[in-house]
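Below is model.txt, holding compact mmCIF, C-alpha atoms.
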# COMPACT_ATOMS: atom_id res chain seq x y z
CA MET A 29 71.97 58.23 27.92
CA ALA A 30 74.94 58.20 30.28
CA LYS A 31 74.24 59.76 33.66
CA LYS A 32 76.36 62.80 34.49
CA GLU A 33 78.64 62.25 37.53
CA SER A 34 80.56 64.85 39.51
CA ARG A 35 84.37 64.92 38.99
CA GLY A 36 85.11 63.64 42.48
CA GLN A 37 83.03 60.48 42.04
CA LEU A 38 84.58 59.62 38.67
CA LYS A 39 88.18 59.43 39.98
CA LEU A 40 89.49 55.89 39.75
CA PHE A 41 91.60 55.91 42.94
CA ASN A 42 89.44 58.22 44.98
CA ARG A 43 89.59 56.27 48.25
CA ASP A 44 89.55 57.67 51.80
CA ALA A 45 89.16 61.34 50.85
CA PHE A 46 90.81 63.51 53.53
CA PRO A 47 88.51 65.98 55.34
CA LEU A 48 90.78 68.94 54.63
CA LEU A 49 88.34 71.62 55.73
CA SER A 50 87.66 69.87 59.05
CA PHE A 51 91.39 69.36 59.57
CA CYS A 52 92.21 73.02 58.94
CA THR A 53 89.38 74.15 61.23
CA LEU A 54 90.44 71.81 64.05
CA PHE A 55 94.13 72.63 63.55
CA ILE A 56 93.44 76.34 63.97
CA LEU A 57 91.06 75.61 66.87
CA CYS A 58 93.76 73.61 68.69
CA LEU A 59 96.29 76.42 68.19
CA ILE A 60 93.79 78.97 69.54
CA ILE A 61 93.00 76.77 72.57
CA MET A 62 96.72 76.26 73.32
CA GLY A 63 97.41 79.98 72.96
CA ALA A 64 94.44 80.90 75.15
CA ASP A 65 95.47 78.35 77.80
CA TYR A 66 99.06 79.59 77.82
CA ARG A 67 97.87 83.16 78.27
CA TYR A 68 94.86 82.76 80.60
CA GLN A 69 95.69 79.44 82.40
CA ILE A 70 92.32 77.91 81.44
CA LEU A 71 93.41 74.31 82.13
CA LYS A 72 94.23 75.06 85.78
CA LYS A 73 90.78 76.57 86.27
CA ILE A 74 89.12 73.57 84.58
CA LYS A 75 91.17 71.15 86.71
CA SER A 76 90.12 73.02 89.87
CA GLU A 77 86.47 72.91 88.84
CA LEU A 78 86.64 69.21 87.95
CA SER A 79 88.54 68.18 91.07
CA LEU A 80 85.40 66.42 92.34
CA ILE A 81 85.60 64.06 89.34
CA THR A 82 89.36 63.54 89.32
CA SER A 83 89.71 63.07 93.10
CA PRO A 84 88.24 59.53 93.04
CA ILE A 85 90.79 58.57 90.35
CA THR A 86 93.65 59.80 92.58
CA TYR A 87 92.06 57.94 95.50
CA ILE A 88 91.77 54.68 93.52
CA VAL A 89 95.36 54.96 92.24
CA ASN A 90 96.63 55.46 95.80
CA LEU A 91 94.40 52.82 97.34
CA PRO A 92 96.73 49.77 96.95
CA ALA A 93 99.71 51.67 98.41
CA ASN A 94 97.57 53.04 101.25
CA ILE A 95 96.22 49.57 102.10
CA ILE A 96 99.74 48.07 102.18
CA ASN A 97 101.03 50.89 104.41
CA TYR A 98 98.05 50.60 106.72
CA SER A 99 98.44 46.81 107.08
CA LYS A 100 102.16 47.18 107.85
CA ASP A 101 101.47 49.76 110.55
CA SER A 102 98.76 47.65 112.15
CA LEU A 103 101.05 44.65 112.39
CA LEU A 104 104.09 46.47 113.75
CA THR A 105 102.75 48.88 116.37
CA ASN A 106 99.88 49.34 118.74
CA THR A 107 97.72 52.44 118.71
CA LEU A 108 99.24 54.10 121.76
CA LEU A 109 102.82 53.71 120.58
CA LYS A 110 101.87 54.97 117.15
CA GLU A 111 100.21 58.02 118.63
CA LYS A 112 103.29 58.82 120.74
CA ILE A 113 105.67 58.38 117.82
CA LYS A 114 103.49 60.59 115.63
CA ASN A 115 103.41 63.33 118.25
CA LEU A 116 107.17 63.15 118.70
CA GLN A 117 107.75 63.22 114.95
CA GLU A 118 105.54 66.26 114.57
CA ALA A 119 107.34 68.01 117.43
CA ASN A 120 110.71 67.08 115.94
CA TYR A 121 109.61 68.33 112.53
CA SER A 122 108.43 71.68 113.91
CA LEU A 123 111.70 72.10 115.81
CA SER A 124 113.74 71.37 112.67
CA ILE A 125 111.83 74.05 110.80
CA LYS A 126 112.45 76.48 113.67
CA ILE A 127 116.19 75.69 113.62
CA GLN A 128 116.27 76.45 109.90
CA GLU A 129 114.48 79.75 110.47
CA ASN A 130 116.99 80.63 113.23
CA THR A 131 119.90 79.88 110.92
CA LEU A 132 118.41 82.20 108.33
CA ILE A 133 118.07 85.01 110.86
CA LYS A 134 121.67 84.52 112.05
CA SER A 135 123.05 84.70 108.51
CA GLU A 136 121.07 87.86 107.94
CA ASN A 137 122.53 89.41 111.11
CA LYS A 138 126.01 88.78 109.78
CA ILE A 139 125.41 91.10 106.89
CA LEU A 140 124.16 93.82 109.27
CA ARG A 141 120.47 94.01 108.42
CA ASN A 142 118.03 95.65 110.73
CA THR A 143 116.47 92.97 112.96
CA LEU A 144 112.98 94.39 112.91
CA LYS A 145 112.96 94.72 109.13
CA ILE A 146 114.17 91.15 108.75
CA LYS A 147 111.45 89.82 111.03
CA LYS A 148 108.88 91.54 108.87
CA LYS A 149 110.51 90.20 105.72
CA PHE A 150 110.65 86.60 106.93
CA LYS A 151 107.18 86.59 108.42
CA ILE A 152 105.46 83.71 106.75
CA LYS A 153 102.14 81.89 106.94
CA GLU A 154 102.63 78.16 107.22
CA VAL A 155 100.39 75.21 106.40
CA THR A 156 101.67 71.71 107.12
CA ALA A 157 100.61 68.94 104.73
CA GLU A 158 101.35 65.31 104.01
CA ILE A 159 102.69 63.85 100.76
CA ILE A 160 100.53 61.19 99.10
CA LEU A 161 101.18 59.27 95.90
CA PRO A 162 101.48 59.51 92.90
CA ASN A 163 104.84 61.20 92.37
CA VAL A 164 104.66 60.98 88.56
CA LYS A 165 101.89 62.17 86.29
CA ASN A 166 102.26 61.31 82.65
CA GLY A 167 106.04 61.56 82.79
CA PHE A 168 106.14 64.76 84.83
CA GLU A 169 107.45 64.68 88.40
CA ILE A 170 104.54 65.85 90.52
CA ILE A 171 103.95 65.44 94.25
CA THR A 172 100.34 65.29 95.37
CA ILE A 173 99.63 66.58 98.88
CA ASN A 174 96.55 66.20 101.08
CA LYS A 175 95.70 69.89 101.41
CA GLY A 176 93.79 72.05 98.93
CA PHE A 177 92.33 75.50 98.59
CA LYS A 178 89.97 74.85 101.50
CA ASP A 179 93.13 74.89 103.66
CA ASN A 180 94.17 78.22 102.12
CA ILE A 181 96.76 76.68 99.77
CA LYS A 182 97.45 78.98 96.83
CA THR A 183 98.98 78.28 93.43
CA GLY A 184 102.57 79.51 93.27
CA SER A 185 103.32 79.12 96.98
CA ALA A 186 106.72 77.76 97.98
CA VAL A 187 106.93 74.32 99.58
CA ILE A 188 109.67 73.54 102.13
CA ASN A 189 110.55 70.87 104.64
CA ASN A 190 113.06 70.77 107.48
CA ALA A 191 115.93 70.16 105.02
CA GLY A 192 115.15 73.02 102.64
CA LEU A 193 113.20 73.95 99.52
CA VAL A 194 110.98 71.16 98.10
CA GLY A 195 109.14 72.84 95.21
CA GLN A 196 106.20 74.99 94.26
CA ILE A 197 102.42 74.53 94.20
CA ILE A 198 101.22 74.35 90.59
CA ASN A 199 97.62 73.21 90.95
CA THR A 200 95.10 73.32 93.76
CA SER A 201 91.79 71.59 94.14
CA LYS A 202 89.46 71.44 97.15
CA ALA A 203 91.21 68.63 99.02
CA TYR A 204 94.41 68.04 97.03
CA SER A 205 97.24 70.12 95.60
CA GLU A 206 100.03 69.36 93.18
CA VAL A 207 103.63 70.35 93.84
CA ARG A 208 106.34 70.57 91.22
CA PRO A 209 109.61 69.44 92.89
CA ILE A 210 112.75 71.54 92.51
CA THR A 211 114.46 68.74 90.59
CA SER A 212 111.72 68.67 87.91
CA GLU A 213 112.79 69.63 84.39
CA ALA A 214 110.18 72.35 84.28
CA TYR A 215 111.49 74.07 87.42
CA ALA A 216 113.71 77.10 87.89
CA VAL A 217 114.46 79.09 91.02
CA PRO A 218 116.49 82.28 91.56
CA ALA A 219 119.28 81.57 94.04
CA ILE A 220 122.30 83.10 95.68
CA MET A 221 125.40 81.55 97.21
CA ASP A 222 125.28 81.51 101.00
CA ASN A 223 128.20 83.94 101.17
CA GLY A 224 126.00 86.50 99.39
CA LYS A 225 127.87 86.39 96.08
CA GLU A 226 126.61 85.38 92.63
CA ASN A 227 122.91 85.65 91.90
CA VAL A 228 122.02 82.74 89.62
CA ILE A 229 119.05 80.73 88.37
CA LEU A 230 119.03 77.01 89.18
CA TYR A 231 117.26 74.60 86.83
CA GLY A 232 116.00 71.12 87.70
CA ASN A 233 117.40 68.42 85.42
CA GLY A 234 114.82 65.68 86.04
CA ASN A 235 117.47 63.38 87.52
CA GLY A 236 117.20 64.42 91.15
CA GLU A 237 119.65 67.29 90.78
CA LEU A 238 119.78 70.97 89.83
CA GLU A 239 122.06 72.61 87.27
CA ILE A 240 123.57 75.95 86.34
CA PRO A 241 124.35 75.54 82.62
CA PHE A 242 126.49 78.69 82.33
CA PHE A 243 128.22 79.80 85.52
CA PRO A 244 130.86 82.54 84.99
CA ALA A 245 134.33 80.97 85.17
CA ARG A 246 135.77 84.13 86.76
CA SER A 247 133.59 83.64 89.86
CA SER A 248 135.02 81.48 92.61
CA ILE A 249 133.00 78.38 93.39
CA GLN A 250 134.00 75.17 95.13
CA ILE A 251 132.55 71.75 95.80
CA ASN A 252 130.19 71.85 98.84
CA ASP A 253 129.40 75.55 98.39
CA THR A 254 125.73 76.01 99.20
CA PHE A 255 122.95 77.90 97.47
CA VAL A 256 119.91 79.49 99.10
CA THR A 257 116.88 81.26 97.63
CA SER A 258 117.62 84.87 96.72
CA GLY A 259 114.02 86.04 97.06
CA VAL A 260 114.26 88.35 94.03
CA ASP A 261 111.16 86.76 92.46
CA ASP A 262 108.98 87.70 95.46
CA LEU A 263 107.63 84.12 95.49
CA TYR A 264 110.06 82.43 97.86
CA PRO A 265 111.22 83.88 101.16
CA LYS A 266 114.92 84.75 101.00
CA GLY A 267 117.45 82.33 102.49
CA ILE A 268 115.77 78.92 102.21
CA ASN A 269 118.35 76.16 101.71
CA ILE A 270 118.38 74.68 98.19
CA GLY A 271 121.46 72.49 97.75
CA ARG A 272 125.23 72.13 97.64
CA VAL A 273 127.63 72.01 94.70
CA ILE A 274 128.72 68.44 93.84
CA GLU A 275 130.24 68.86 90.39
CA ILE A 276 132.02 71.65 88.48
CA GLU A 277 132.70 70.93 84.82
CA PRO A 278 134.20 73.17 82.14
CA THR A 279 132.00 73.96 79.12
CA LYS A 280 133.04 74.41 75.48
CA SER A 281 133.36 78.11 76.18
CA PRO A 282 136.28 78.97 78.52
CA LYS A 283 134.14 81.76 80.01
CA PHE A 284 131.65 79.43 81.68
CA ASN A 285 131.48 76.35 83.89
CA PHE A 286 128.67 73.81 84.20
CA ILE A 287 127.61 73.34 87.83
CA VAL A 288 125.63 70.43 89.28
CA ILE A 289 123.89 70.91 92.62
CA ALA A 290 122.51 68.19 94.90
CA PRO A 291 119.36 69.40 96.69
CA PHE A 292 119.33 69.25 100.50
CA SER A 293 115.75 68.10 100.39
CA GLN A 294 114.64 64.86 98.76
CA PRO A 295 110.85 65.36 98.80
CA THR A 296 109.86 61.72 98.44
CA THR A 297 111.86 60.68 101.51
CA PHE A 298 109.79 62.95 103.77
CA SER A 299 106.13 62.47 104.49
CA GLN A 300 105.48 65.99 105.75
CA ILE A 301 106.02 69.33 104.04
CA THR A 302 105.19 72.94 104.79
CA ILE A 303 103.54 75.38 102.40
CA VAL A 304 104.80 78.93 102.82
CA ASN A 305 102.69 81.98 101.96
CA LYS A 306 104.55 85.26 102.12
CA ILE A 307 102.77 88.06 103.91
CA LYS A 308 102.94 91.22 101.84
CA MET B 266 87.11 45.12 48.83
CA ILE B 267 85.86 47.24 51.70
CA LEU B 268 84.47 45.19 54.58
CA LYS B 269 81.77 46.97 56.54
CA LYS B 270 81.73 46.38 60.28
CA THR B 271 78.60 45.21 62.02
CA ILE B 272 77.06 47.29 64.82
CA ALA B 273 78.16 44.66 67.36
CA GLU B 274 81.78 44.89 66.14
CA GLN B 275 81.71 48.69 66.30
CA LYS B 276 80.31 48.53 69.84
CA LYS B 277 83.03 46.05 70.86
CA GLU B 278 85.74 48.34 69.48
CA ARG B 279 84.28 51.37 71.23
CA ASN B 280 84.12 49.51 74.55
CA LEU B 281 87.72 48.37 74.15
CA LEU B 282 88.78 51.97 73.46
CA ILE B 283 87.04 53.14 76.64
CA ILE B 284 88.59 50.32 78.74
CA LEU B 285 92.09 50.92 77.36
CA PHE B 286 91.66 54.67 77.89
CA PHE B 287 90.98 54.10 81.59
CA ILE B 288 93.90 51.65 81.84
CA ALA B 289 96.14 54.28 80.20
CA LEU B 290 94.85 56.89 82.67
CA PHE B 291 95.57 54.56 85.60
CA LEU B 292 99.06 53.65 84.34
CA SER B 293 99.99 57.26 83.58
CA ASN B 294 99.47 58.00 87.28
CA LEU B 295 102.00 55.33 88.28
CA GLY B 296 105.75 55.17 87.77
CA VAL B 297 107.40 52.29 85.91
CA PRO B 298 108.56 50.01 88.77
CA VAL B 299 111.84 48.78 87.21
CA ILE B 300 113.02 52.23 86.09
CA ALA B 301 114.46 54.42 88.83
CA ASP B 302 114.01 57.75 87.01
CA SER B 303 110.36 58.65 87.42
CA ALA B 304 110.34 60.89 84.34
CA ILE B 305 111.10 57.95 82.05
CA MET B 306 107.75 56.40 81.31
CA PRO B 307 105.79 55.69 78.14
CA ASN B 308 103.11 58.03 76.88
CA TYR B 309 100.21 55.58 77.09
CA PHE B 310 97.67 57.86 75.38
CA ILE B 311 99.82 58.42 72.30
CA ALA B 312 100.44 54.65 72.10
CA LEU B 313 96.70 53.96 72.38
CA ILE B 314 95.67 56.43 69.67
CA ILE B 315 98.42 55.27 67.27
CA THR B 316 97.25 51.68 67.70
CA PHE B 317 93.61 52.52 67.10
CA ILE B 318 94.36 54.71 64.07
CA LEU B 319 96.65 52.09 62.50
CA GLN B 320 94.19 49.25 63.07
CA LYS B 321 91.30 51.47 61.86
CA LEU B 322 89.34 50.69 65.02
CA GLY B 323 86.77 52.63 67.01
CA ASN B 324 85.64 54.53 63.88
CA LEU B 325 87.96 57.39 64.89
CA ASN B 326 87.65 60.62 62.93
CA LEU B 327 89.18 64.07 63.42
CA TYR B 328 86.37 65.33 65.67
CA LYS B 329 86.51 62.27 67.94
CA LEU B 330 90.30 62.61 68.18
CA VAL B 331 90.05 66.27 69.19
CA ILE B 332 87.49 65.41 71.89
CA ILE B 333 89.66 62.54 73.21
CA GLY B 334 92.68 64.84 73.10
CA LEU B 335 90.94 67.56 75.12
CA LEU B 336 89.84 64.92 77.65
CA VAL B 337 93.45 63.70 78.02
CA ASP B 338 94.60 67.32 78.45
CA ILE B 339 92.08 67.89 81.24
CA LEU B 340 92.98 64.65 83.02
CA VAL B 341 96.77 64.53 82.75
CA GLY B 342 97.87 67.28 80.38
CA GLN B 343 100.01 70.34 80.93
CA LEU B 344 98.55 72.59 78.21
CA LEU B 345 94.93 72.53 76.98
CA GLY B 346 94.70 71.48 73.32
CA GLN B 347 98.17 69.90 73.21
CA TYR B 348 97.05 66.28 72.96
CA ALA B 349 94.20 67.19 70.59
CA PHE B 350 96.86 68.79 68.37
CA ILE B 351 99.09 65.71 68.58
CA PHE B 352 96.23 63.30 67.78
CA ILE B 353 95.13 65.18 64.65
CA GLY B 354 98.82 65.34 63.66
CA ILE B 355 99.02 61.54 63.93
CA TYR B 356 95.81 61.22 61.87
CA LEU B 357 97.20 63.49 59.12
CA ALA B 358 100.61 61.74 59.02
CA ASN B 359 98.97 58.31 58.88
CA HIS B 360 96.65 59.42 56.06
CA ILE B 361 99.46 60.92 53.97
CA ILE B 362 101.73 57.88 54.39
CA LYS B 363 98.93 55.44 53.55
CA LYS B 364 98.03 57.53 50.50
CA VAL B 365 101.60 57.43 49.20
CA LEU B 366 102.67 53.94 50.28
CA SER B 367 100.93 50.63 50.33
CA ILE B 368 101.16 49.39 53.93
CA LYS B 369 100.31 45.69 54.00
CA SER B 370 102.75 43.55 56.00
CA GLU B 371 103.23 43.44 59.79
CA LYS B 372 106.77 44.84 59.47
CA GLN B 373 105.47 47.84 57.52
CA VAL B 374 102.83 48.50 60.16
CA PHE B 375 105.46 48.31 62.94
CA THR B 376 107.72 50.73 61.05
CA LEU B 377 104.80 53.07 60.48
CA SER B 378 103.84 52.96 64.17
CA PHE B 379 107.43 53.87 65.12
CA PHE B 380 107.40 56.72 62.62
CA LEU B 381 104.07 57.98 63.99
CA THR B 382 105.51 57.78 67.54
CA LEU B 383 108.44 59.94 66.42
CA ILE B 384 106.09 62.49 64.81
CA SER B 385 103.86 62.65 67.88
CA PHE B 386 106.83 63.21 70.20
CA PHE B 387 108.15 65.89 67.89
CA ILE B 388 104.78 67.71 68.11
CA LEU B 389 104.73 67.13 71.89
CA TRP B 390 108.25 68.56 72.22
CA VAL B 391 107.49 71.62 70.07
CA SER B 392 104.22 72.37 71.87
CA SER B 393 105.88 71.82 75.28
CA LEU B 394 108.49 74.50 74.65
CA SER B 395 106.07 77.10 75.97
CA HIS B 396 105.89 75.61 79.50
CA SER B 397 108.82 73.20 79.92
CA ILE B 398 112.10 75.01 80.43
CA PHE B 399 114.43 72.17 79.52
CA ILE B 400 113.66 68.64 78.34
CA SER B 401 116.57 66.21 78.30
CA PRO B 402 117.05 64.46 74.91
CA LYS B 403 117.95 61.27 76.79
CA ILE B 404 114.57 61.21 78.55
CA ILE B 405 112.72 61.89 75.28
CA LEU B 406 114.61 59.02 73.61
CA PHE B 407 113.66 56.59 76.40
CA GLN B 408 110.07 57.81 76.29
CA ILE B 409 109.89 57.24 72.51
CA ILE B 410 111.25 53.68 72.88
CA LEU B 411 108.89 52.86 75.77
CA THR B 412 105.91 54.37 73.92
CA PHE B 413 106.71 52.29 70.84
CA ILE B 414 106.88 49.13 73.00
CA THR B 415 103.54 50.11 74.58
CA THR B 416 102.07 50.54 71.08
CA LEU B 417 103.13 46.97 70.27
CA ILE B 418 101.60 45.70 73.52
CA PHE B 419 98.33 47.50 72.77
CA SER B 420 98.36 45.98 69.24
CA ILE B 421 98.76 42.49 70.72
CA ILE B 422 95.94 43.10 73.24
CA ILE B 423 93.64 44.37 70.47
CA LYS B 424 94.45 41.40 68.23
CA ARG B 425 93.70 39.02 71.11
CA PHE B 426 90.38 40.58 72.02
CA ILE B 427 89.02 42.05 68.78
CA LEU B 428 90.59 40.55 65.67
CA ARG B 429 90.50 36.90 66.75
What is this file in structure tokens?
Amino acid sequence: MAKKESRGQLKLFNRDAFPLLSFCTLFILCLIIMGADYRYQILKKIKSELSLITSPITYIVNLPANIINYSKDSLLTNTLLKEKIKNLQEANYSLSIKIQENTLIKSENKILRNTLKIKKKFKIKEVTAEIILPNVKNGFEIITINKGFKDNIKTGSAVINNAGLVGQIINTSKAYSEVRPITSEAYAVPAIMDNGKENVILYGNGNGELEIPFFPARSSIQINDTFVTSGVDDLYPKGINIGRVIEIEPTKSPKFNFIVIAPFSQPTTFSQITIVNKIK
Amino acid sequence: MILKKTIAEQKKERNLLIILFFIALFLSNLGVPVIADSAIMPNYFIALIITFILQKLGNLNLYKLVIIGLLVDILVGQLLGQYAFIFIGIYLANHIIKKVLSIKSEKQVFTLSFFLTLISFFILWVSSLSHSIFISPKIILFQIILTFITTLIFSIIIKRFILR
């Protein structure tokens, strides 16, 4: 007597059956995880917790570059000279930051703000840090710095150097933090022209520049006009230099122009940066 | 005829997957030296998974792909679950295409790997819309081309070390 077989086993071309139920379950699971992460920022918390594991990877990746830099320094200078140069550079850097702060205060005085109020508004907590490699992580422009939450670095803080705005802290671990530069594609910052007109949002284009895709054509703008942070987002202190206009192009619509802005600060050309925490 | 793999072969494939995973992790932390724009770099993890799925190596199933995907998200990702989603998408696309078409020759496998690269970048683009404000089409195009080239390089490495 012929043995009864289930329908699935009798099919002639029944090869590599697809696990549909598993696929559907995992598909929904992935969507839930992505949704939950987008809403509750789970990945950032996991990355912070696992920083002890990922730190050695960052260290190993940076090791060849660090060794080369160290060997070059050892050959070129002696310890005393190096120490003096470092001290002078640090002093120079601090002075440049102070000059920038003074310029901000002057510009504020021009538009008749109360001096005491302005001082309170611009009062900032600073932490100075050093940029280490890598500057790219899986295709995303990211700057890794040598200070973490043990140095009171907080996610979302603005990062500046003596030339202007550098970016924003996106991840912090114990000893390292990640900064998204202003020219990154995933970056946007509210800005204002230095003459106080036109509040806009500047977007990074991933090519070392910033853009305003739709700038009203009725507004007057010229090459070399500068933009500073407007401070409306309550993240960045008002008045930090961002960049100057280098290109004005008409769009398909006659009502708008496309503006390209070159940032004052090129983060990778500086070794030191300052993290700014606003005091509320 | 279905050829069953020996335990030693399976172990060799698993070890190669682990080694290539760490190489991909290392490379994804470095820029491409010749290319000035740091954003233009291949997606090494997508290239690795496409190669392993196409060559039917490492005994990869949906659960393993999700776990690898979550690991990639934690190490280099921007959104938790994104790479897991992409990897199961690649698995599904590969299964459907192989069910409908008979993929035998090298040229067909290359075409399929390019098609899978396109699909994976499409999923990556769609799932990135939540956190990336603007992604330049030019950069995506370069990334697709570089990822496809990386897939070919991974295929050659695997053929040298496993299928010889």
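Residue nearest chain A within the list B:Phe317, B:Phe380, B:Phe407, B:Phe413: B:Phe407 [criterion: smallest interatomic distance, only C-alpha atoms].
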Inset, instruction - Within 9 Å of chain A, which residues of chain B are there when counting only C-alpha atoms? Please give them as an MDAnalysis selection string. - result: chainID B and resid 290:296 302:309 327:328 331 338:347 349:350 353:354 357 360 364 392 395:401 404 408
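Put simply, CA of Ile274 in chain A is 18.6 Å away from CA of Arg246 in chain A.
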Legend entry - Pairwise distance for CA of Met221 in chain A and CA of Ser122 in chain A, rounded to one decimal in Å: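 If I compute the distance from CA of Met221 in chain A to CA of Ser122 in chain A, I get 25.8 Å.
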Legend entry - Answer as a PyMOL selection string, residues within 10 Å of (84.9, 45.3, 64.0) using all atoms listed in the file: chain B and resi 268-279+321-324+427-428
Inset, instruction - May I have the residues within 9 Å of Phe242 in chain A as a PyMOL selection string, using all atoms listed in the file and disregarding those fewer than 4 positions away in the same chain? - result: chain A and resi 279+283-287
Take the residues from that selection and put them in a file with C-alpha atoms, as a PDB file, keeping the file's coordinate frame.
ATOM      1  CA  THR A 279     132.000  73.960  79.120  1.00  0.00           C
ATOM      2  CA  LYS A 283     134.140  81.760  80.010  1.00  0.00           C
ATOM      3  CA  PHE A 284     131.650  79.430  81.680  1.00  0.00           C
ATOM      4  CA  ASN A 285     131.480  76.350  83.890  1.00  0.00           C
ATOM      5  CA  PHE A 286     128.670  73.810  84.200  1.00  0.00           C
ATOM      6  CA  ILE A 287     127.610  73.340  87.830  1.00  0.00           C
TER       7      ILE A 287
END
Inset, instruction - Provide the CA of Ser83 in chain A to CA of Tyr204 in chain A distance in Å, to one decimal place. - result: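 So the two atoms, CA of Ser83 in chain A and CA of Tyr204 in chain A, lie 7.9 Å apart.
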Find the smallest box with edges along x, y and z containing every listed atom of range 373-381 of chain B, then add 6 Å on each side and report centre and edge lengths in Å to one decimal, as AutoDock Vina command-line options.
--center_x 105.3 --center_y 52.9 --center_z 61.3 --size_x 16.9 --size_y 22.1 --size_z 19.6
Legend entry - Exercise: Ala312 in chain B partners within 9 Å, only C-alpha atoms, chain neighbours under 2 positions left out, as an MDAnalysis selection string: chainID B and resid 307:310 314:317 378 382 412:417 419
Inset, instruction - Go through B:Ile283, B:Ile332, B:Ile410, B:Val337 and flag the residue nearest Phe386 in chain B, using all atoms listed in the file for the distances. - result: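 Under the stated criterion, the closest residue is B:Ile410.
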Inset, instruction - Check the smallest atom-to-atom distance from each of A:Val207, A:Ala191, A:Ile160, A:Ala186 to Ser124 in chain A using only C-alpha atoms, then report the winner. - result: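 Smallest separation from Ser124 in chain A among the options: A:Ala191.
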Legend entry - Given all atoms listed in the file as the counted atoms, nearest of B:Ala289, B:Leu406, B:Leu319, B:Leu313 to Val374 in chain B: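 That would be B:Leu319, the residue with the smallest distance to Val374 in chain B.
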Some atoms are missing, so please complete range 336-351 of chain B with N, CA and C atoms and return it as a PDB file, in the coordinates of the input.
ATOM      1  N   LEU B 336      90.091  65.692  76.417  1.00  0.00           N
ATOM      2  CA  LEU B 336      89.840  64.920  77.650  1.00  0.00           C
ATOM      3  C   LEU B 336      91.166  64.529  78.311  1.00  0.00           C
ATOM      4  N   VAL B 337      92.120  64.078  77.493  1.00  0.00           N
ATOM      5  CA  VAL B 337      93.450  63.700  78.020  1.00  0.00           C
ATOM      6  C   VAL B 337      94.128  64.934  78.626  1.00  0.00           C
ATOM      7  N   ASP B 338      93.989  66.084  77.929  1.00  0.00           N
ATOM      8  CA  ASP B 338      94.600  67.320  78.450  1.00  0.00           C
ATOM      9  C   ASP B 338      94.041  67.677  79.816  1.00  0.00           C
ATOM     10  N   ILE B 339      92.721  67.537  79.958  1.00  0.00           N
ATOM     11  CA  ILE B 339      92.080  67.890  81.240  1.00  0.00           C
ATOM     12  C   ILE B 339      92.528  66.924  82.338  1.00  0.00           C
ATOM     13  N   LEU B 340      92.659  65.640  81.989  1.00  0.00           N
ATOM     14  CA  LEU B 340      92.980  64.650  83.020  1.00  0.00           C
ATOM     15  C   LEU B 340      94.454  64.637  83.403  1.00  0.00           C
ATOM     16  N   VAL B 341      95.340  64.639  82.411  1.00  0.00           N
ATOM     17  CA  VAL B 341      96.770  64.530  82.750  1.00  0.00           C
ATOM     18  C   VAL B 341      97.661  65.541  82.037  1.00  0.00           C
ATOM     19  N   GLY B 342      97.062  66.406  81.235  1.00  0.00           N
ATOM     20  CA  GLY B 342      97.870  67.280  80.380  1.00  0.00           C
ATOM     21  C   GLY B 342      98.474  68.476  81.106  1.00  0.00           C
ATOM     22  N   GLN B 343      99.364  69.147  80.395  1.00  0.00           N
ATOM     23  CA  GLN B 343     100.010  70.340  80.930  1.00  0.00           C
ATOM     24  C   GLN B 343      99.518  71.604  80.219  1.00  0.00           C
ATOM     25  N   LEU B 344      99.005  71.440  79.004  1.00  0.00           N
ATOM     26  CA  LEU B 344      98.550  72.590  78.210  1.00  0.00           C
ATOM     27  C   LEU B 344      97.287  72.166  77.456  1.00  0.00           C
ATOM     28  N   LEU B 345      96.204  72.901  77.611  1.00  0.00           N
ATOM     29  CA  LEU B 345      94.930  72.530  76.980  1.00  0.00           C
ATOM     30  C   LEU B 345      95.052  72.598  75.454  1.00  0.00           C
ATOM     31  N   GLY B 346      94.651  71.537  74.787  1.00  0.00           N
ATOM     32  CA  GLY B 346      94.700  71.480  73.320  1.00  0.00           C
ATOM     33  C   GLY B 346      95.924  70.784  72.783  1.00  0.00           C
ATOM     34  N   GLN B 347      96.901  70.498  73.665  1.00  0.00           N
ATOM     35  CA  GLN B 347      98.170  69.900  73.210  1.00  0.00           C
ATOM     36  C   GLN B 347      97.960  68.490  72.664  1.00  0.00           C
ATOM     37  N   TYR B 348      97.265  67.656  73.409  1.00  0.00           N
ATOM     38  CA  TYR B 348      97.050  66.280  72.960  1.00  0.00           C
ATOM     39  C   TYR B 348      96.087  66.223  71.763  1.00  0.00           C
ATOM     40  N   ALA B 349      95.096  67.118  71.746  1.00  0.00           N
ATOM     41  CA  ALA B 349      94.200  67.190  70.590  1.00  0.00           C
ATOM     42  C   ALA B 349      95.021  67.499  69.335  1.00  0.00           C
ATOM     43  N   PHE B 350      95.965  68.399  69.466  1.00  0.00           N
ATOM     44  CA  PHE B 350      96.860  68.790  68.370  1.00  0.00           C
ATOM     45  C   PHE B 350      97.714  67.599  67.929  1.00  0.00           C
ATOM     46  N   ILE B 351      98.242  66.865  68.889  1.00  0.00           N
ATOM     47  CA  ILE B 351      99.090  65.710  68.580  1.00  0.00           C
ATOM     48  C   ILE B 351      98.262  64.637  67.854  1.00  0.00           C
TER      49      ILE B 351
END
